[in-house]
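Shown next: protein38.pdb, containing PDB, C-alpha atoms.
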```pdb
ATOM      1  CA  MET A 433     125.465  96.620  16.105
ATOM      2  CA  SER A 434     126.043  96.620  19.869
ATOM      3  CA  ALA A 435     123.393  94.134  20.932
ATOM      4  CA  LEU A 436     125.842  91.459  22.005
ATOM      5  CA  ARG A 437     128.896  93.463  22.970
ATOM      6  CA  GLY A 438     130.011  93.213  26.557
ATOM      7  CA  TRP A 439     128.384  89.840  27.188
ATOM      8  CA  PRO A 440     129.644  88.083  30.298
ATOM      9  CA  VAL A 441     131.577  84.997  29.232
ATOM     10  CA  THR A 442     129.346  82.177  30.392
ATOM     11  CA  ALA A 443     130.950  79.153  28.800
ATOM     12  CA  ALA A 444     132.106  77.951  32.219
ATOM     13  CA  LEU A 445     128.577  78.262  33.566
ATOM     14  CA  VAL A 446     127.255  76.322  30.611
ATOM     15  CA  LEU A 447     129.755  73.516  31.119
ATOM     16  CA  LEU A 448     129.287  73.248  34.853
ATOM     17  CA  ALA A 449     125.617  74.048  35.306
ATOM     18  CA  GLY A 450     124.061  70.687  34.510
ATOM     19  CA  CYS A 451     123.608  68.488  37.558
ATOM     20  CA  GLY A 452     120.499  66.490  36.727
ATOM     21  CA  GLN A 453     120.060  63.042  35.284
ATOM     22  CA  SER A 454     120.763  62.358  31.628
ATOM     23  CA  GLU A 455     118.200  64.038  29.382
ATOM     24  CA  LYS A 456     116.264  65.225  32.432
ATOM     25  CA  LEU A 457     114.378  68.396  31.578
ATOM     26  CA  ASP A 458     112.617  68.913  34.914
ATOM     27  CA  ASP A 459     115.675  70.699  36.296
ATOM     28  CA  VAL A 460     116.503  74.378  35.988
ATOM     29  CA  ASN A 461     120.257  73.767  35.613
ATOM     30  CA  ALA A 462     119.772  71.240  32.837
ATOM     31  CA  VAL A 463     117.350  73.583  31.085
ATOM     32  CA  ARG A 464     119.885  76.401  31.284
ATOM     33  CA  THR A 465     122.539  74.204  29.667
ATOM     34  CA  TRP A 466     120.300  72.908  26.898
ATOM     35  CA  ALA A 467     118.898  76.385  26.173
ATOM     36  CA  ASN A 468     122.438  77.685  25.719
ATOM     37  CA  ASP A 469     123.296  74.819  23.340
ATOM     38  CA  VAL A 470     120.293  74.559  21.036
ATOM     39  CA  SER A 471     119.378  78.066  19.880
ATOM     40  CA  PRO A 472     120.288  79.044  16.299
ATOM     41  CA  VAL A 473     122.673  81.743  17.538
ATOM     42  CA  ALA A 474     124.433  79.185  19.765
ATOM     43  CA  VAL A 475     124.839  76.864  16.775
ATOM     44  CA  PHE A 476     126.178  79.654  14.565
ATOM     45  CA  VAL A 477     128.718  80.884  17.103
ATOM     46  CA  ARG A 478     130.497  77.514  16.982
ATOM     47  CA  VAL A 479     131.883  78.450  13.564
ATOM     48  CA  TYR A 480     131.962  82.209  13.965
ATOM     49  CA  ASP A 481     135.731  82.750  13.671
ATOM     50  CA  PRO A 482     136.286  81.114  10.250
ATOM     51  CA  VAL A 483     133.021  82.554   8.909
ATOM     52  CA  ALA A 484     133.973  86.059  10.052
ATOM     53  CA  GLN A 485     137.426  85.659   8.502
ATOM     54  CA  SER A 486     135.847  84.669   5.185
ATOM     55  CA  TYR A 487     133.866  87.937   5.178
ATOM     56  CA  ALA A 488     136.985  89.991   5.972
ATOM     57  CA  GLN A 489     135.964  90.903   9.495
ATOM     58  CA  PRO A 490     138.924  92.615  11.229
ATOM     59  CA  ASP A 491     140.910  91.161  14.131
ATOM     60  CA  VAL A 492     139.432  87.660  14.007
ATOM     61  CA  TYR A 493     142.810  86.012  14.572
ATOM     62  CA  LYS A 494     145.273  88.017  16.654
ATOM     63  CA  ASP A 495     148.453  86.489  15.214
ATOM     64  CA  PRO A 496     148.866  86.723  11.413
ATOM     65  CA  ALA A 497     151.143  83.664  11.493
ATOM     66  CA  CYS A 498     149.023  81.333  13.623
ATOM     67  CA  PRO A 499     146.743  79.841  12.590
ATOM     68  CA  ALA A 500     148.152  79.918   9.061
ATOM     69  CA  ILE A 501     145.748  81.475   6.542
ATOM     70  CA  THR A 502     145.764  81.154   2.769
ATOM     71  CA  ASP A 503     143.131  82.778   0.579
ATOM     72  CA  ASP A 504     142.860  82.855  -3.203
ATOM     73  CA  GLY A 505     139.614  84.837  -3.154
ATOM     74  CA  THR A 506     137.485  81.752  -3.689
ATOM     75  CA  THR A 507     138.766  79.338  -1.073
ATOM     76  CA  LEU A 508     140.004  80.233   2.384
ATOM     77  CA  VAL A 509     142.074  77.675   4.305
ATOM     78  CA  ILE A 510     142.854  78.083   8.012
ATOM     79  CA  THR A 511     145.427  75.648   9.409
ATOM     80  CA  GLY A 512     146.415  75.196  13.029
ATOM     81  CA  GLU A 513     148.957  72.945  14.750
ATOM     82  CA  CYS A 514     150.692  76.010  16.143
ATOM     83  CA  THR A 515     150.699  78.369  19.130
ATOM     84  CA  ASP A 516     149.904  82.027  18.532
ATOM     85  CA  SER A 517     151.575  85.058  20.095
ATOM     86  CA  THR A 518     148.986  85.150  22.907
ATOM     87  CA  GLY A 519     149.691  81.545  23.920
ATOM     88  CA  VAL A 520     146.539  80.034  22.391
ATOM     89  CA  ARG A 521     147.122  76.694  20.676
ATOM     90  CA  TRP A 522     145.324  76.117  17.365
ATOM     91  CA  PHE A 523     144.422  72.724  15.946
ATOM     92  CA  GLY A 524     143.202  71.133  12.740
ATOM     93  CA  SER A 525     141.928  73.007   9.713
ATOM     94  CA  ALA A 526     138.947  74.906   8.343
ATOM     95  CA  ASN A 527     138.272  75.110   4.614
ATOM     96  CA  ILE A 528     135.777  77.765   3.485
ATOM     97  CA  ALA A 529     134.564  77.821  -0.118
ATOM     98  CA  ARG A 530     132.843  80.991  -1.356
ATOM     99  CA  SER A 531     130.149  81.113  -4.023
ATOM    100  CA  GLY A 532     127.434  83.529  -5.121
ATOM    101  CA  ALA A 533     127.106  86.865  -3.383
ATOM    102  CA  SER A 534     127.613  85.612   0.164
ATOM    103  CA  ASP A 535     127.264  81.808   0.218
ATOM    104  CA  ARG A 536     129.769  79.773   2.197
ATOM    105  CA  ALA A 537     130.570  76.068   2.552
ATOM    106  CA  LEU A 538     132.762  75.170   5.519
ATOM    107  CA  THR A 539     134.555  71.875   6.056
ATOM    108  CA  LEU A 540     136.141  71.502   9.477
ATOM    109  CA  ASP A 541     138.686  68.823  10.382
ATOM    110  CA  GLY A 542     139.522  68.896  14.072
ATOM    111  CA  TYR A 543     139.509  72.695  13.931
ATOM    112  CA  GLY A 544     139.710  74.431  17.283
ATOM    113  CA  HIS A 545     141.850  76.060  19.922
ATOM    114  CA  SER A 546     142.824  75.942  23.566
ATOM    115  CA  SER A 547     141.205  78.057  26.267
ATOM    116  CA  ASP A 548     141.048  78.321  30.043
ATOM    117  CA  LEU A 549     138.239  75.762  29.877
ATOM    118  CA  GLY A 550     140.227  73.254  27.853
ATOM    119  CA  ASP A 551     140.779  72.370  24.229
ATOM    120  CA  THR A 552     137.965  72.089  21.685
ATOM    121  CA  ARG A 553     138.080  70.513  18.229
ATOM    122  CA  THR A 554     135.256  70.658  15.700
ATOM    123  CA  THR A 555     134.752  68.324  12.760
ATOM    124  CA  GLY A 556     131.975  68.479  10.164
ATOM    125  CA  THR A 557     130.325  70.852   7.720
ATOM    126  CA  PHE A 558     128.487  74.156   7.894
ATOM    127  CA  THR A 559     126.808  75.876   4.950
ATOM    128  CA  ILE A 560     125.411  79.405   4.574
ATOM    129  CA  THR A 561     123.066  80.290   1.733
ATOM    130  CA  GLU A 562     121.547  83.627   0.773
ATOM    131  CA  THR A 563     117.817  82.983   0.281
ATOM    132  CA  ALA A 564     116.558  86.567   0.031
ATOM    133  CA  ALA A 565     117.891  90.111   0.102
ATOM    134  CA  ASP A 566     117.996  90.180   3.902
ATOM    135  CA  LEU A 567     117.792  86.473   4.756
ATOM    136  CA  HIS A 568     120.358  83.690   5.030
ATOM    137  CA  SER A 569     119.818  80.044   5.867
ATOM    138  CA  PHE A 570     122.434  77.765   7.388
ATOM    139  CA  ALA A 571     122.870  74.055   8.028
ATOM    140  CA  ALA A 572     125.201  72.513  10.617
ATOM    141  CA  HIS A 573     126.495  68.943  10.850
ATOM    142  CA  LEU A 574     129.101  69.191  13.581
ATOM    143  CA  VAL A 575     130.851  67.127  16.236
ATOM    144  CA  VAL A 576     132.575  69.247  18.890
ATOM    145  CA  GLU A 577     135.048  67.454  21.156
ATOM    146  CA  GLY A 578     136.285  68.982  24.379
ATOM    147  CA  GLY A 579     135.386  68.358  28.010
ATOM    148  CA  ILE A 580     132.264  66.796  26.514
ATOM    149  CA  THR A 581     131.338  65.688  23.007
ATOM    150  CA  THR A 582     128.507  67.641  21.415
ATOM    151  CA  THR A 583     126.892  66.489  18.185
ATOM    152  CA  VAL A 584     124.844  69.095  16.305
ATOM    153  CA  GLU A 585     122.423  68.421  13.440
ATOM    154  CA  TYR A 586     120.683  71.708  12.786
ATOM    155  CA  ALA A 587     119.097  73.965  10.166
ATOM    156  CA  GLY A 588     118.405  77.632  10.770
ATOM    157  CA  SER A 589     118.045  81.104   9.330
ATOM    158  CA  VAL A 590     118.799  84.703  10.230
ATOM    159  CA  SER A 591     117.120  87.874   9.028
ATOM    160  CA  GLY A 592     119.089  91.086   9.241
ATOM    161  CA  PHE A 593     122.218  92.881   8.090
ATOM    162  CA  TYR A 594     125.577  93.680   9.547
ATOM    163  CA  GLY A 595     125.156  96.899  11.487
ATOM    164  CA  ASP A 596     121.445  96.354  12.122
ATOM    165  CA  ASP A 597     120.220  96.834  15.669
ATOM    166  CA  VAL A 598     117.783  93.942  15.251
ATOM    167  CA  THR A 599     118.218  90.422  13.896
ATOM    168  CA  VAL A 600     115.738  87.539  14.013
ATOM    169  CA  TRP A 601     116.804  83.891  14.214
ATOM    170  CA  ASN A 602     114.893  80.667  13.585
ATOM    171  CA  GLY A 603     116.002  77.051  13.596
ATOM    172  CA  HIS A 604     115.386  73.414  14.452
ATOM    173  CA  GLY A 605     117.406  70.264  14.938
ATOM    174  CA  THR A 606     118.971  67.948  17.493
ATOM    175  CA  VAL A 607     121.843  68.359  19.915
ATOM    176  CA  ALA A 608     123.437  65.423  21.731
ATOM    177  CA  ARG A 609     125.873  65.647  24.643
ATOM    178  CA  SER A 610     128.046  62.787  25.903
ATOM    179  CA  GLY A 611     130.759  62.701  28.530
ATOM    180  CA  MET A 612     131.242  63.178  32.252
ATOM    181  CA  VAL A 613     129.413  66.508  32.593
ATOM    182  CA  GLU A 614     125.623  66.492  32.921
ATOM    183  CA  PRO A 615     123.221  66.896  31.302
ATOM    184  CA  THR A 616     123.914  64.275  28.670
ATOM    185  CA  GLY A 617     121.703  62.591  26.097
ATOM    186  CA  GLU A 618     119.921  64.058  23.098
ATOM    187  CA  VAL A 619     117.211  66.678  22.738
ATOM    188  CA  ALA A 620     115.260  68.042  19.808
ATOM    189  CA  ALA A 621     114.758  71.786  19.667
ATOM    190  CA  THR A 622     112.857  74.385  17.670
ATOM    191  CA  THR A 623     113.432  78.119  17.977
ATOM    192  CA  VAL A 624     110.861  80.578  16.647
ATOM    193  CA  ASP A 625     111.717  84.263  16.102
ATOM    194  CA  GLN A 626     114.578  84.624  18.574
ATOM    195  CA  ARG A 627     114.986  88.373  18.331
ATOM    196  CA  LEU A 628     118.204  90.152  19.243
ATOM    197  CA  ASP A 629     118.005  93.887  19.791
ATOM    198  CA  SER A 630     120.676  96.382  20.808
ATOM    199  CA  ALA A 631     118.193  97.742  23.354
ATOM    200  CA  CYS A 632     118.900  94.676  25.521
ATOM    201  CA  SER A 633     122.477  93.438  25.664
ATOM    202  CA  GLY A 634     123.081  89.778  26.425
ATOM    203  CA  GLU A 635     119.655  88.211  26.067
ATOM    204  CA  ALA A 636     117.044  87.775  23.390
ATOM    205  CA  VAL A 637     114.143  90.197  23.640
ATOM    206  CA  SER A 638     111.442  87.825  22.362
ATOM    207  CA  GLY A 639     110.794  84.454  20.769
ATOM    208  CA  THR A 640     110.734  80.904  22.080
ATOM    209  CA  THR A 641     112.833  77.756  22.086
ATOM    210  CA  THR A 642     111.004  74.457  22.565
ATOM    211  CA  ILE A 643     113.090  71.516  23.816
ATOM    212  CA  THR A 644     111.817  67.926  23.849
ATOM    213  CA  ALA A 645     113.274  64.677  25.194
ATOM    214  CA  GLY A 646     111.973  61.571  26.923
ATOM    215  CA  GLY A 647     108.356  62.481  26.253
ATOM    216  CA  HIS A 648     108.671  65.834  28.027
ATOM    217  CA  THR A 649     108.610  69.377  26.678
ATOM    218  CA  VAL A 650     110.252  72.551  27.911
ATOM    219  CA  VAL A 651     109.437  75.935  26.399
ATOM    220  CA  VAL A 652     111.881  78.781  27.026
ATOM    221  CA  THR A 653     110.345  82.212  26.372
ATOM    222  CA  TYR A 654     112.762  85.100  25.891
ATOM    223  CA  ASP A 655     111.560  88.216  27.683
ATOM    224  CA  GLY A 656     114.255  90.850  27.273
ATOM    225  CA  ALA A 657     111.738  93.280  25.778
ATOM    226  CA  THR A 658     109.896  93.518  29.101
ATOM    227  CA  ASP A 659     112.473  92.225  31.610
ATOM    228  CA  CYS A 660     116.016  92.873  30.408
ATOM    229  CA  ASP A 661     118.200  92.055  33.407
ATOM    230  CA  GLU A 662     121.832  91.360  34.294
ATOM    231  CA  GLN A 663     120.946  87.741  35.101
ATOM    232  CA  HIS A 664     119.851  87.208  31.457
ATOM    233  CA  SER A 665     116.731  85.438  32.601
ATOM    234  CA  ALA A 666     114.025  83.810  30.531
ATOM    235  CA  ARG A 667     110.748  82.180  31.505
ATOM    236  CA  TRP A 668     110.299  78.438  31.174
ATOM    237  CA  THR A 669     107.585  75.834  31.378
ATOM    238  CA  PHE A 670     107.786  72.072  31.883
ATOM    239  CA  ASP A 671     105.010  70.062  30.229
ATOM    240  CA  GLY A 672     102.868  73.198  30.215
ATOM    241  CA  ALA A 673     103.440  74.113  33.871
ATOM    242  CA  ASP A 674     105.031  77.481  34.624
ATOM    243  CA  ARG A 675     108.423  77.095  36.322
ATOM    244  CA  GLY A 676     109.271  80.774  36.632
ATOM    245  CA  LEU A 677     112.643  82.140  35.545
ATOM    246  CA  VAL A 678     115.852  80.448  34.470
ATOM    247  CA  GLY A 679     118.889  82.699  34.671
ATOM    248  CA  GLY A 680     122.004  82.673  32.545
ATOM    249  CA  VAL A 681     120.207  82.110  29.247
ATOM    250  CA  GLN A 682     122.550  83.995  26.951
ATOM    251  CA  CYS A 683     121.878  84.777  23.316
ATOM    252  CA  ALA A 684     124.588  82.194  22.717
ATOM    253  CA  ALA A 685     127.128  80.336  24.808
ATOM    254  CA  ALA A 686     129.306  77.645  23.311
ATOM    255  CA  PRO A 687     131.830  75.616  25.327
ATOM    256  CA  GLY A 688     135.381  76.628  24.481
ATOM    257  CA  GLN A 689     134.572  80.084  23.147
ATOM    258  CA  THR A 690     137.199  82.626  24.090
ATOM    259  CA  PRO A 691     136.274  86.090  25.382
ATOM    260  CA  ARG A 692     137.474  87.443  22.035
ATOM    261  CA  SER A 693     135.072  85.200  20.126
ATOM    262  CA  MET A 694     132.167  86.133  22.351
ATOM    263  CA  ALA A 695     132.921  89.821  21.849
ATOM    264  CA  LEU A 696     133.164  89.334  18.102
ATOM    265  CA  LEU A 697     129.681  87.900  18.131
ATOM    266  CA  GLY A 698     128.591  91.486  18.713
ATOM    267  CA  VAL A 699     128.776  91.866  14.929
ATOM    268  CA  VAL A 700     127.189  88.526  14.137
ATOM    269  CA  ALA A 701     124.209  90.324  12.659
ATOM    270  CA  LEU A 702     125.922  89.352  10.452
ATOM    271  CA  ALA A 703     129.429  89.083   9.095
ATOM    272  CA  LEU A 704     127.801  86.857   6.518
ATOM    273  CA  THR A 705     125.715  89.792   5.244
ATOM    274  CA  LEU A 706     128.673  92.074   4.637
ATOM    275  CA  ALA A 707     128.833  91.118   0.990
ATOM    276  CA  VAL A 708     125.136  91.913   0.567
ATOM    277  CA  ALA A 709     125.512  95.212   2.420
ATOM    278  CA  ARG A 710     128.411  96.176   0.162
ATOM    279  CA  ARG A 711     126.374  95.224  -2.879
ATOM    280  CA  ARG A 712     123.487  97.417  -1.673
ATOM    281  CA  ALA A 713     125.912 100.311  -1.142
ATOM    282  CA  ARG A 714     127.256  99.945  -4.663
ATOM    283  CA  ARG A 715     123.698  99.965  -6.018
ATOM    284  CA  ARG A 716     122.944 103.184  -4.116
ATOM    285  CA  VAL A 717     126.060 104.793  -5.605
TER     286      VAL A 717
END
```
Could I get this structure in the form of structure tokens?
Amino acid sequence: MSALRGWPVTAALVLLAGCGQSEKLDDVNAVRTWANDVSPVAVFVRVYDPVAQSYAQPDVYKDPACPAITDDGTTLVITGECTDSTGVRWFGSANIARSGASDRALTLDGYGHSSDLGDTRTTGTFTITETAADLHSFAAHLVVEGGITTTVEYAGSVSGFYGDDVTVWNGHGTVARSGMVEPTGEVAATTVDQRLDSACSGEAVSGTTTITAGGHTVVVTYDGATDCDEQHSARWTFDGADRGLVGGVQCAAAPGQTPRSMALLGVVALALTLAVARRRARRRV
């Protein structure tokens, strides 16, 4: 799938965009930041590297010695506290337990790496469960520490297979941000049918994300199907009033993601479905 390949790396924009008051939603910059934090794809990308490694995606980690990787076929352990051959520092550990056809249970303990934007470390759990032939659900309970601290409590799902041109994402939960970079506070969010399509690279082609906080509601409507543009714009409303376009709303943008990780997300549709795709191929044979 090529839907997400070649995305501009917008993590810096996400970190620096917010300039409103805490939890303020009546501000285009704050809305941009929250929209890039609370979608199901944005939640998933926070654990993309270890998940992709567990499904044998190629070239996830550039240095075979750092982070250190052990795998007995059932449990994969990724351990940092080293510097790889490209100069990236890796921290903490990620433990990934496999079960069923493509289920995964991740436990993260300060797992992360350095980047031009600073160090990030993630602690918590992330589970992936096959619920149908072409559907996986996931649940995230994560604390991400870096320039800010982001706490994620989220449940979502994705429909689609690795190699598909189209995937559809749904999810709901809360995201809290604390630190010196606005916006801070906590929002609740629900995403309905966020559709990624190779016909429009870098933004969702349809679906909505609803964000609520402080008695106010923002609805972000993805419009790549009719207005796919280099600014990756989406339409937004505040308490039902049309506010026009908000630019820089990527399919996903997580603080601390490296360009390599963002490029790898081009196959996020999904690494987790590789096992199912292989199983289908075996059945056809």
Which residues come within 12 Å of Gly605 of chain A, counting all atoms listed in the file, excluding same-chain residues fewer than 3 positions away, as a VMD selection string?
chain A and resid 469 to 472 475 570 to 574 583 to 588 602 608 618 to 623 641 to 644
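Between Glu577 of chain A and the candidates A:Ser610, A:His604, A:Thr507, A:Glu562, the tightest atom-to-atom separation, counting all atoms listed in the file, involves A:Ser610.
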Hey, can you check how far atom CA of Ile580 of chain A sits from atom CA of Pro615 of chain A?
10.2 Å
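Counting all atoms listed in the file, the residue from A:Cys632, A:Val600, A:Ala645, A:Leu677 that sits nearest to Ala657 of chain A is A:Cys632.
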Just need the box for segment 478-496 of chain A, edges along x, y and z, holding every atom the file lists for it with 4 Å tacked onto each side, so centre and edge lengths in Å to one decimal, as lines of an AutoDock Vina configuration file.
```
center_x = 139.7
center_y = 85.1
center_z = 11.1
size_x = 26.4
size_y = 23.1
size_z = 19.8
```
Mind pulling up the distance from atom CA of Ser591 of chain A to atom CA of Leu567 of chain A?
4.5 Å
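Note that atom CA of Asn461 of chain A and atom CA of Tyr654 of chain A are 16.7 Å apart.
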List every protein, DNA or RNA residue that has an atom no more than 8 Å from (132.5, 64.9, 33.9) in the file's coordinate frame, counting only C-alpha atoms, and report them as a PyMOL selection string.
chain A and resi 579-580+611-614
Evaluate the PyMOL selection byres ((chain A and resi 498) around 7) here and jot the selected residues down as JSON, numbers by chain.
{"A": [495, 496, 497, 499, 500, 512, 514, 515, 516]}
